[in-house]
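Pasting protein.txt here (compact mmCIF, C-alpha atoms (C1' of nucleotides)):
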```txt
# COMPACT_ATOMS: atom_id res chain seq x y z
CA MET A 1 0.00 0.00 0.00
CA PRO A 2 0.64 3.50 -0.02
CA GLU A 3 2.35 4.23 3.29
CA LEU A 4 2.85 7.69 4.70
CA PRO A 5 5.26 8.92 1.98
CA GLU A 6 2.96 7.74 -0.80
CA VAL A 7 -0.16 9.26 0.75
CA GLU A 8 1.72 12.50 1.36
CA THR A 9 2.87 12.45 -2.28
CA VAL A 10 -0.72 12.04 -3.45
CA ARG A 11 -1.74 14.91 -1.18
CA ARG A 12 0.97 17.25 -2.46
CA THR A 13 0.26 16.51 -6.10
CA LEU A 14 -3.50 16.99 -5.70
CA VAL A 15 -3.51 20.17 -3.58
CA PRO A 16 -2.73 22.68 -6.33
CA HIS A 17 -5.44 21.18 -8.54
CA LEU A 18 -8.19 20.57 -6.00
CA VAL A 19 -8.27 23.54 -3.64
CA GLY A 20 -11.05 25.88 -4.76
CA VAL A 21 -12.64 23.29 -7.03
CA THR A 22 -16.24 22.15 -6.45
CA LEU A 23 -17.42 18.55 -6.38
CA ALA A 24 -20.20 18.77 -8.95
CA ALA A 25 -21.35 15.14 -8.90
CA VAL A 26 -20.39 11.70 -7.73
CA ARG A 27 -20.82 8.31 -9.32
CA VAL A 28 -20.35 5.16 -7.26
CA ARG A 29 -19.75 2.17 -9.50
CA GLU A 30 -18.79 -0.27 -6.74
CA ARG A 31 -19.75 0.30 -3.15
CA ARG A 32 -18.13 -2.76 -1.61
CA LEU A 33 -14.96 -1.23 -0.18
CA ARG A 34 -13.54 -2.02 3.29
CA VAL A 35 -16.26 0.23 4.60
CA PRO A 36 -19.25 0.11 2.22
CA VAL A 37 -19.60 3.40 0.37
CA ASN A 38 -22.56 5.36 1.68
CA VAL A 39 -23.83 6.93 -1.53
CA ALA A 40 -26.52 9.01 0.13
CA SER A 41 -24.10 10.56 2.59
CA LEU A 42 -21.58 11.30 -0.19
CA ARG A 43 -24.32 13.09 -2.12
CA GLN A 44 -25.69 14.98 0.89
CA LEU A 45 -22.40 15.97 2.49
CA ALA A 46 -19.98 16.32 -0.40
CA VAL A 47 -21.69 17.04 -3.70
CA GLY A 48 -22.03 20.76 -4.33
CA GLN A 49 -19.26 21.57 -1.86
CA THR A 50 -15.99 23.31 -2.68
CA ILE A 51 -12.65 21.85 -1.59
CA ALA A 52 -10.95 24.03 1.02
CA ALA A 53 -7.87 21.92 1.82
CA VAL A 54 -6.35 18.48 1.49
CA ARG A 55 -4.70 17.13 4.62
CA ARG A 56 -3.15 13.85 5.70
CA ARG A 57 -3.47 11.94 8.99
CA GLY A 58 -1.34 8.81 9.00
CA LYS A 59 -2.28 6.97 5.82
CA TYR A 60 -5.62 8.78 5.52
CA LEU A 61 -6.23 11.65 3.15
CA ILE A 62 -8.68 14.21 4.47
CA ILE A 63 -10.37 16.44 1.91
CA ASP A 64 -11.86 19.43 3.74
CA LEU A 65 -14.95 20.90 2.16
CA ARG A 66 -16.38 24.33 2.75
CA GLY A 67 -19.64 24.05 4.61
CA GLY A 68 -18.24 21.96 7.44
CA THR A 69 -17.86 18.52 5.92
CA LEU A 70 -14.94 16.38 4.86
CA LEU A 71 -14.07 13.32 2.84
CA LEU A 72 -11.89 10.65 4.42
CA VAL A 73 -10.00 8.54 1.89
CA HIS A 74 -7.80 5.51 2.58
CA LEU A 75 -5.98 3.77 -0.25
CA GLY A 76 -5.66 0.37 1.40
CA MET A 77 -3.11 -1.83 -0.40
CA SER A 78 -3.88 -1.03 -4.00
CA GLY A 79 -5.82 2.23 -4.06
CA ARG A 80 -5.24 5.21 -6.31
CA LEU A 81 -6.77 8.66 -6.17
CA THR A 82 -6.07 10.44 -9.42
CA LEU A 83 -7.13 13.46 -11.39
CA GLU A 84 -8.19 12.57 -14.91
CA SER A 85 -9.71 14.17 -17.94
CA ALA A 86 -13.44 13.41 -18.09
CA THR A 87 -12.90 12.20 -21.65
CA GLN A 88 -10.50 9.49 -20.46
CA PRO A 89 -12.38 6.18 -20.49
CA LEU A 90 -13.05 4.74 -17.05
CA ALA A 91 -10.71 1.96 -16.00
CA ARG A 92 -11.47 -1.38 -14.42
CA HIS A 93 -11.80 -0.83 -10.65
CA ASP A 94 -12.60 2.88 -10.92
CA HIS A 95 -15.07 2.57 -8.04
CA VAL A 96 -15.89 6.18 -7.18
CA VAL A 97 -15.76 9.11 -9.60
CA PHE A 98 -16.18 12.75 -8.61
CA SER A 99 -16.97 15.22 -11.39
CA LEU A 100 -15.21 18.51 -10.72
CA SER A 101 -16.33 22.03 -11.54
CA ASP A 102 -13.29 22.46 -13.81
CA GLY A 103 -14.52 19.64 -16.04
CA ARG A 104 -12.03 17.08 -14.83
CA GLU A 105 -12.69 14.03 -12.64
CA LEU A 106 -11.22 12.75 -9.39
CA ARG A 107 -11.22 8.96 -9.58
CA TYR A 108 -10.81 6.39 -6.84
CA ASN A 109 -9.47 3.10 -8.20
CA ASP A 110 -8.81 0.10 -5.96
CA PRO A 111 -8.56 -3.48 -7.31
CA ARG A 112 -8.38 -5.14 -3.90
CA ARG A 113 -11.00 -2.86 -2.32
CA PHE A 114 -9.18 -2.61 1.02
CA GLY A 115 -9.53 1.17 0.99
CA LEU A 116 -12.46 3.40 1.85
CA ILE A 117 -14.17 6.71 1.20
CA VAL A 118 -16.28 8.19 3.97
CA ALA A 119 -18.03 11.57 4.17
CA MET A 120 -18.64 13.13 7.57
CA ALA A 121 -19.28 16.39 9.37
CA SER A 122 -15.98 18.10 10.18
CA ARG A 123 -16.94 18.39 13.82
CA ASP A 124 -17.03 14.57 14.06
CA GLU A 125 -13.45 14.11 12.88
CA ALA A 126 -11.78 13.81 16.27
CA GLN A 127 -14.35 11.31 17.53
CA HIS A 128 -14.62 9.23 14.39
CA PRO A 129 -13.76 5.55 15.08
CA LEU A 130 -11.35 5.39 12.14
CA LEU A 131 -9.37 8.39 13.39
CA ALA A 132 -9.85 8.73 17.13
CA ARG A 133 -7.35 6.12 18.25
CA LEU A 134 -4.54 6.84 15.79
CA GLY A 135 -1.04 7.25 17.17
CA VAL A 136 1.60 9.93 16.84
CA GLU A 137 2.60 11.48 13.49
CA PRO A 138 6.25 10.52 12.94
CA LEU A 139 7.03 13.78 11.10
CA SER A 140 5.50 15.97 13.82
CA PRO A 141 7.59 17.83 16.39
CA GLU A 142 6.18 15.73 19.22
CA PHE A 143 7.66 12.54 17.77
CA SER A 144 11.05 11.87 19.34
CA GLY A 145 13.32 9.17 20.66
CA ALA A 146 12.06 9.95 24.13
CA LEU A 147 8.43 9.49 23.08
CA LEU A 148 9.25 6.26 21.26
CA PHE A 149 11.09 5.08 24.38
CA ALA A 150 7.98 5.77 26.49
CA LEU A 151 5.63 4.11 23.97
CA THR A 152 7.69 0.93 23.81
CA ARG A 153 8.09 0.35 27.57
CA HIS A 154 5.15 -2.01 27.98
CA SER A 155 5.24 -3.83 24.65
CA ARG A 156 6.77 -7.26 24.32
CA GLN A 157 6.04 -7.29 20.59
CA PRO A 158 8.90 -7.46 18.10
CA ILE A 159 9.85 -3.87 17.26
CA LYS A 160 8.99 -4.43 13.59
CA THR A 161 5.44 -5.48 14.47
CA PHE A 162 5.18 -2.61 16.95
CA LEU A 163 6.02 -0.08 14.22
CA LEU A 164 3.20 -1.38 12.00
CA ASP A 165 0.55 -0.61 14.65
CA ALA A 166 -1.06 2.69 13.65
CA HIS A 167 -2.47 3.08 17.15
CA ARG A 168 1.10 3.77 18.31
CA VAL A 169 2.86 5.47 15.41
CA VAL A 170 0.96 6.23 12.19
CA GLY A 171 2.08 5.94 8.61
CA VAL A 172 4.88 3.39 8.92
CA GLY A 173 3.97 0.34 6.84
CA ASN A 174 5.78 -2.78 5.81
CA ILE A 175 8.37 -1.16 3.55
CA TYR A 176 9.42 1.70 5.79
CA ALA A 177 9.40 -0.38 9.00
CA SER A 178 12.10 -2.60 7.51
CA GLU A 179 13.97 0.38 6.06
CA ALA A 180 13.95 2.36 9.31
CA LEU A 181 15.15 -0.62 11.35
CA ALA A 182 17.96 -1.19 8.83
CA ALA A 183 19.02 2.45 9.00
CA ALA A 184 18.96 2.31 12.81
CA ARG A 185 20.82 -1.02 12.75
CA LEU A 186 18.20 -2.72 14.90
CA HIS A 187 17.11 -6.34 14.43
CA PRO A 188 13.37 -6.55 13.61
CA ALA A 189 12.81 -9.29 16.20
CA ARG A 190 14.03 -7.22 19.16
CA ALA A 191 11.30 -6.91 21.78
CA ALA A 192 10.05 -3.32 21.73
CA HIS A 193 10.58 -2.83 25.46
CA SER A 194 14.17 -4.03 25.23
CA LEU A 195 15.29 -0.99 23.23
CA SER A 196 17.50 1.43 25.15
CA GLY A 197 17.04 5.18 25.11
CA ARG A 198 19.94 5.50 22.68
CA GLU A 199 18.33 2.92 20.42
CA THR A 200 14.91 4.60 20.40
CA GLU A 201 16.70 7.87 19.57
CA ARG A 202 18.38 6.16 16.62
CA LEU A 203 15.13 4.55 15.51
CA ALA A 204 13.06 7.74 15.74
CA ALA A 205 15.68 9.60 13.72
CA ALA A 206 15.78 6.77 11.16
CA ILE A 207 12.00 6.69 10.78
CA ARG A 208 11.87 10.42 10.22
CA ASP A 209 14.79 10.34 7.81
CA VAL A 210 13.54 7.48 5.65
CA LEU A 211 10.02 8.92 5.42
CA GLU A 212 11.36 12.35 4.43
CA ARG A 213 13.72 10.92 1.83
CA ALA A 214 10.91 8.83 0.35
CA ILE A 215 8.60 11.85 0.15
CA ALA A 216 11.36 13.82 -1.56
CA ARG A 217 11.44 11.16 -4.28
CA GLY A 218 7.71 10.84 -4.72
CA GLY A 219 7.27 7.60 -2.76
CA THR A 220 7.97 3.95 -3.55
CA THR A 221 6.36 2.30 -6.56
CA LEU A 222 6.62 -1.49 -6.38
CA ARG A 223 3.79 -2.13 -8.79
CA ASP A 224 0.65 -0.04 -8.42
CA PHE A 225 1.44 3.21 -6.73
CA VAL A 226 1.04 6.48 -8.59
CA ASP A 227 0.61 10.04 -7.31
CA GLY A 228 -2.47 12.19 -7.83
CA LEU A 229 -1.43 12.90 -11.41
CA GLY A 230 -0.62 9.31 -12.34
CA VAL A 231 3.16 9.52 -11.90
CA ALA A 232 5.08 6.62 -10.30
CA GLY A 233 7.41 7.16 -7.34
CA ASP A 234 11.17 6.90 -7.50
CA PHE A 235 12.21 5.58 -4.09
CA ALA A 236 12.21 1.84 -4.91
CA ASN A 237 15.81 2.12 -6.12
CA ALA A 238 16.84 3.67 -2.81
CA LEU A 239 15.49 0.84 -0.66
CA ALA A 240 18.31 -0.66 1.38
CA VAL A 241 16.68 -3.96 2.40
CA TYR A 242 13.00 -4.19 1.42
CA GLY A 243 12.55 -6.76 -1.34
CA ARG A 244 16.30 -7.38 -1.50
CA ASP A 245 16.33 -10.86 0.01
CA GLY A 246 19.60 -12.56 -1.03
CA GLU A 247 21.27 -9.41 -2.33
CA PRO A 248 24.44 -8.14 -0.65
CA CYS A 249 24.07 -5.37 1.93
CA VAL A 250 25.63 -2.20 0.53
CA ARG A 251 27.29 -1.53 3.88
CA CYS A 252 28.77 -4.92 4.85
CA ARG A 253 28.17 -7.18 1.83
CA ARG A 254 26.41 -9.84 3.91
CA ARG A 255 23.34 -11.25 2.21
CA ILE A 256 20.07 -9.61 3.19
CA ARG A 257 17.62 -12.03 4.75
CA SER A 258 13.91 -12.04 5.35
CA VAL A 259 11.58 -13.53 7.95
CA VAL A 260 7.82 -13.42 8.49
CA GLN A 261 6.58 -11.61 11.58
CA ALA A 262 2.88 -11.41 12.43
CA GLY A 263 2.13 -12.50 8.89
CA ARG A 264 4.16 -9.75 7.22
CA ARG A 265 7.60 -10.18 5.66
CA SER A 266 10.51 -8.31 7.23
CA PHE A 267 13.85 -7.71 5.54
CA PHE A 268 17.11 -7.10 7.36
CA CYS A 269 20.88 -7.40 7.14
CA PRO A 270 22.17 -10.05 9.57
CA GLY A 271 25.52 -8.26 9.69
CA CYS A 272 24.35 -4.74 10.43
CA GLN A 273 21.28 -5.62 12.50
CA ARG A 274 22.29 -7.90 15.37
CA SER A 275 19.61 -9.24 17.65
CA ARG A 276 21.34 -7.90 20.73
C1' DA B 277 -4.57 -4.94 28.19
C1' DA B 278 -1.78 -6.99 24.94
C1' DC B 279 -1.07 -9.90 21.30
C1' DA B 280 -1.58 -13.73 17.60
C1' DC B 281 -4.35 -15.02 13.97
C1' DG B 282 -7.46 -15.16 10.15
C1' DC B 283 -9.79 -12.72 6.92
C1' DC B 284 -11.27 -9.17 3.55
C1' DC B 285 -10.03 -8.92 -2.24
C1' DT B 286 -7.78 -9.04 -6.91
C1' DG B 287 -3.76 -9.68 -9.69
C1' DC B 288 0.62 -11.40 -10.74
C1' DG B 289 4.62 -14.35 -11.11
C1' DC B 290 6.24 -18.75 -10.46
C1' DG B 291 6.68 -23.83 -10.85
C1' DC B 292 4.84 -27.66 -12.92
C1' DT C 293 -0.08 -22.67 -23.03
C1' DG C 294 -2.64 -23.31 -18.89
C1' DC C 295 -3.44 -23.96 -13.99
C1' DG C 296 -2.91 -23.76 -9.13
C1' DC C 297 -0.47 -21.72 -5.48
C1' DG C 298 1.58 -18.29 -2.73
C1' DC C 299 2.20 -13.80 -2.01
C1' DA C 300 1.45 -8.58 -2.03
C1' DG C 301 2.37 -1.63 0.10
C1' DG C 302 -3.32 -2.45 5.39
C1' DG C 303 -6.32 -2.92 9.05
C1' DC C 304 -9.85 -4.96 11.79
C1' DG C 305 -12.62 -8.43 14.48
C1' DT C 306 -12.16 -12.28 17.31
C1' DG C 307 -10.09 -15.23 20.39
C1' DT C 308 -6.96 -16.16 24.25
```

Would you mind giving the structure from this file in structure tokens?
Amino acid sequence: MPELPEVETVRRTLVPHLVGVTLAAVRVRERRLRVPVNVASLRQLAVGQTIAAVRRRGKYLIIDLRGGTLLLVHLGMSGRLTLESATQPLARHDHVVFSLSDGRELRYNDPRRFGLIVAMASRDEAQHPLLARLGVEPLSPEFSGALLFALTRHSRQPIKTFLLDAHRVVGVGNIYASEALAAARLHPARAAHSLSGRETERLAAAIRDVLERAIARGGTTLRDFVDGLGVAGDFANALAVYGRDGEPCVRCRRRIRSVVQAGRRSFFCPGCQRSR
DNA sequence: AACACGCCCTGCGCGC
DNA sequence: TGCGCGCAGGGCGTGT
């Protein structure tokens, strides 16, 4: 899926085109997403409204509409949110299509349908079940080694699995969890609570650094990902360990290995990332 | 409370 | 060439 850098890339590419534009109509061609699309609420809350801002919270895009409503969009594993010419034929898996006042269309495409689009009143944002329990933003000033140290104290989970839990830290998915741990030289199987203060400092800095570098290069495209204008990301070449099982580590030349943790594959260098 | 697990869904690449 | 299998960037409900 789009992780934080990919969602942020979509946000940045859409902002200049969407702010000030009105949602003139919506067509829902497939309502069976992770949360079933509520067509009536989309029509009542979103259609006719003008876009005031496009924000991001974790892996969620939040499209603020004038008139006190917003659209919450999650791209799941395979989702795309792209601006297209209305004359462009619809593609397979174009599930939700917004007609815009400038004649173009904003299209939500998602083959696996793990994503969602929800309209709500802006005042409900903080209490909404999908948002209320989300953890800290890793690119915010409040995120630090000290905070990560505090958050990890009572978790016996492997640190890799811990990082994937959006109720603790948002936005870090399977690619960037492995990349951050590699940069911090921490073994993915280390129990979260076993990390020292120095190690959580290193890890927090690595998370921030890898996310920022990925955003700077438009995100990671493994297969599906494109930004709001249909352009693929460029960070896949910069990945140090993810997907590089068997290849030599650029730092120590040992072969990168992978293991499965909590059902997700983790990549690491056995030379640079010792378990203790 | 914390954590492991299975499941949601489609598409693709691989081995046979 | 075709087919079945395993696996994929996420997140939640359920069980212990």

Report as CSV: every residue of chain C with an atom at most 10 Å from chain A, its closest pair of atoms, and their distance in Å to one decimal, counting all atoms listed in the file, with rows sorted by chain and ascending residue number.
```
residue,atom,partner,partner_atom,distance
C:DA300,C1',A:Met77,CA,8.3
C:DG301,C1',A:Met1,CA,2.9
C:DG302,C1',A:Gly76,CA,5.4
C:DG303,C1',A:Gly76,CA,8.4
C:DC304,C1',A:Arg34,CA,9.7
```

Prev. selection, C-alpha atoms (C1' of nucleotides), output as a compact mmCIF listing (two decimals), in the coordinates of the input:
```txt
# COMPACT_ATOMS: atom_id res chain seq x y z
C1' DA C 300 1.45 -8.58 -2.03
C1' DG C 301 2.37 -1.63 0.10
C1' DG C 302 -3.32 -2.45 5.39
C1' DG C 303 -6.32 -2.92 9.05
C1' DC C 304 -9.85 -4.96 11.79
```

Subject >> Straight-line distance linking atom CA of Ala184 of chain A with atom CA of Ala205 of chain A, stated in Å to one decimal >> reply: 8.0 Å

Original post:
Taking only C-alpha atoms (C1' of nucleotides) into account, which residues of chain A are within 9 Å of chain B, as a PyMOL selection string?
Top reply: chain A and resi 34+111-114+155-157+262-263

Original post:
Between atom CA of Phe267 of chain A and atom CA of Gly58 of chain A, what is the spacing in Å?
Top reply: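 Rounded to one decimal, the two atoms are 22.7 Å apart.
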
**OP:** For atom CA of Leu186 of chain A and atom CA of Asp234 of chain A, determine how far apart the two atoms are, in Å to one decimal place.
**Re:**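 These two atoms are separated by 25.4 Å.
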
Original post:
What's the 8 Å shell around segment 178-180 of chain A, counting only C-alpha atoms (C1' of nucleotides), without same-chain residues fewer than 3 positions away, as a list in words?
Top reply: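 Everything that qualifies: Lys160, Asn174, Ile175, Ala183, Ala184, Pro188, Leu203, Ala206, Ile207, Val210, Leu239, Ala240, Val241, Tyr242, Ser266, Phe267 and Phe268 of chain A.
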
Selection above as a file: C-alpha atoms, as an mmCIF file, keeping the file's coordinate frame:
```cif
data_model
loop_
_atom_site.group_PDB
_atom_site.id
_atom_site.type_symbol
_atom_site.label_atom_id
_atom_site.label_comp_id
_atom_site.auth_asym_id
_atom_site.auth_seq_id
_atom_site.Cartn_x
_atom_site.Cartn_y
_atom_site.Cartn_z
ATOM 1 C CA LYS A 160 8.990 -4.430 13.590
ATOM 2 C CA ASN A 174 5.780 -2.780 5.810
ATOM 3 C CA ILE A 175 8.370 -1.160 3.550
ATOM 4 C CA ALA A 183 19.020 2.450 9.000
ATOM 5 C CA ALA A 184 18.960 2.310 12.810
ATOM 6 C CA PRO A 188 13.370 -6.550 13.610
ATOM 7 C CA LEU A 203 15.130 4.550 15.510
ATOM 8 C CA ALA A 206 15.780 6.770 11.160
ATOM 9 C CA ILE A 207 12.000 6.690 10.780
ATOM 10 C CA VAL A 210 13.540 7.480 5.650
ATOM 11 C CA LEU A 239 15.490 0.840 -0.660
ATOM 12 C CA ALA A 240 18.310 -0.660 1.380
ATOM 13 C CA VAL A 241 16.680 -3.960 2.400
ATOM 14 C CA TYR A 242 13.000 -4.190 1.420
ATOM 15 C CA SER A 266 10.510 -8.310 7.230
ATOM 16 C CA PHE A 267 13.850 -7.710 5.540
ATOM 17 C CA PHE A 268 17.110 -7.100 7.360
#
```

Subject >> Residues within 7 Å of Arg66 of chain A, all atoms listed in the file, excluding chain neighbours under 4 positions, as a ChimeraX atom specification >> reply: /A:49-52

Give me a file of those residues, with C-alpha atoms, as a PDB file, in the coordinates of the input.
```
ATOM      1  CA  GLN A  49     -19.260  21.570  -1.860  1.00  0.00           C
ATOM      2  CA  THR A  50     -15.990  23.310  -2.680  1.00  0.00           C
ATOM      3  CA  ILE A  51     -12.650  21.850  -1.590  1.00  0.00           C
ATOM      4  CA  ALA A  52     -10.950  24.030   1.020  1.00  0.00           C
TER       5      ALA A  52
END
```
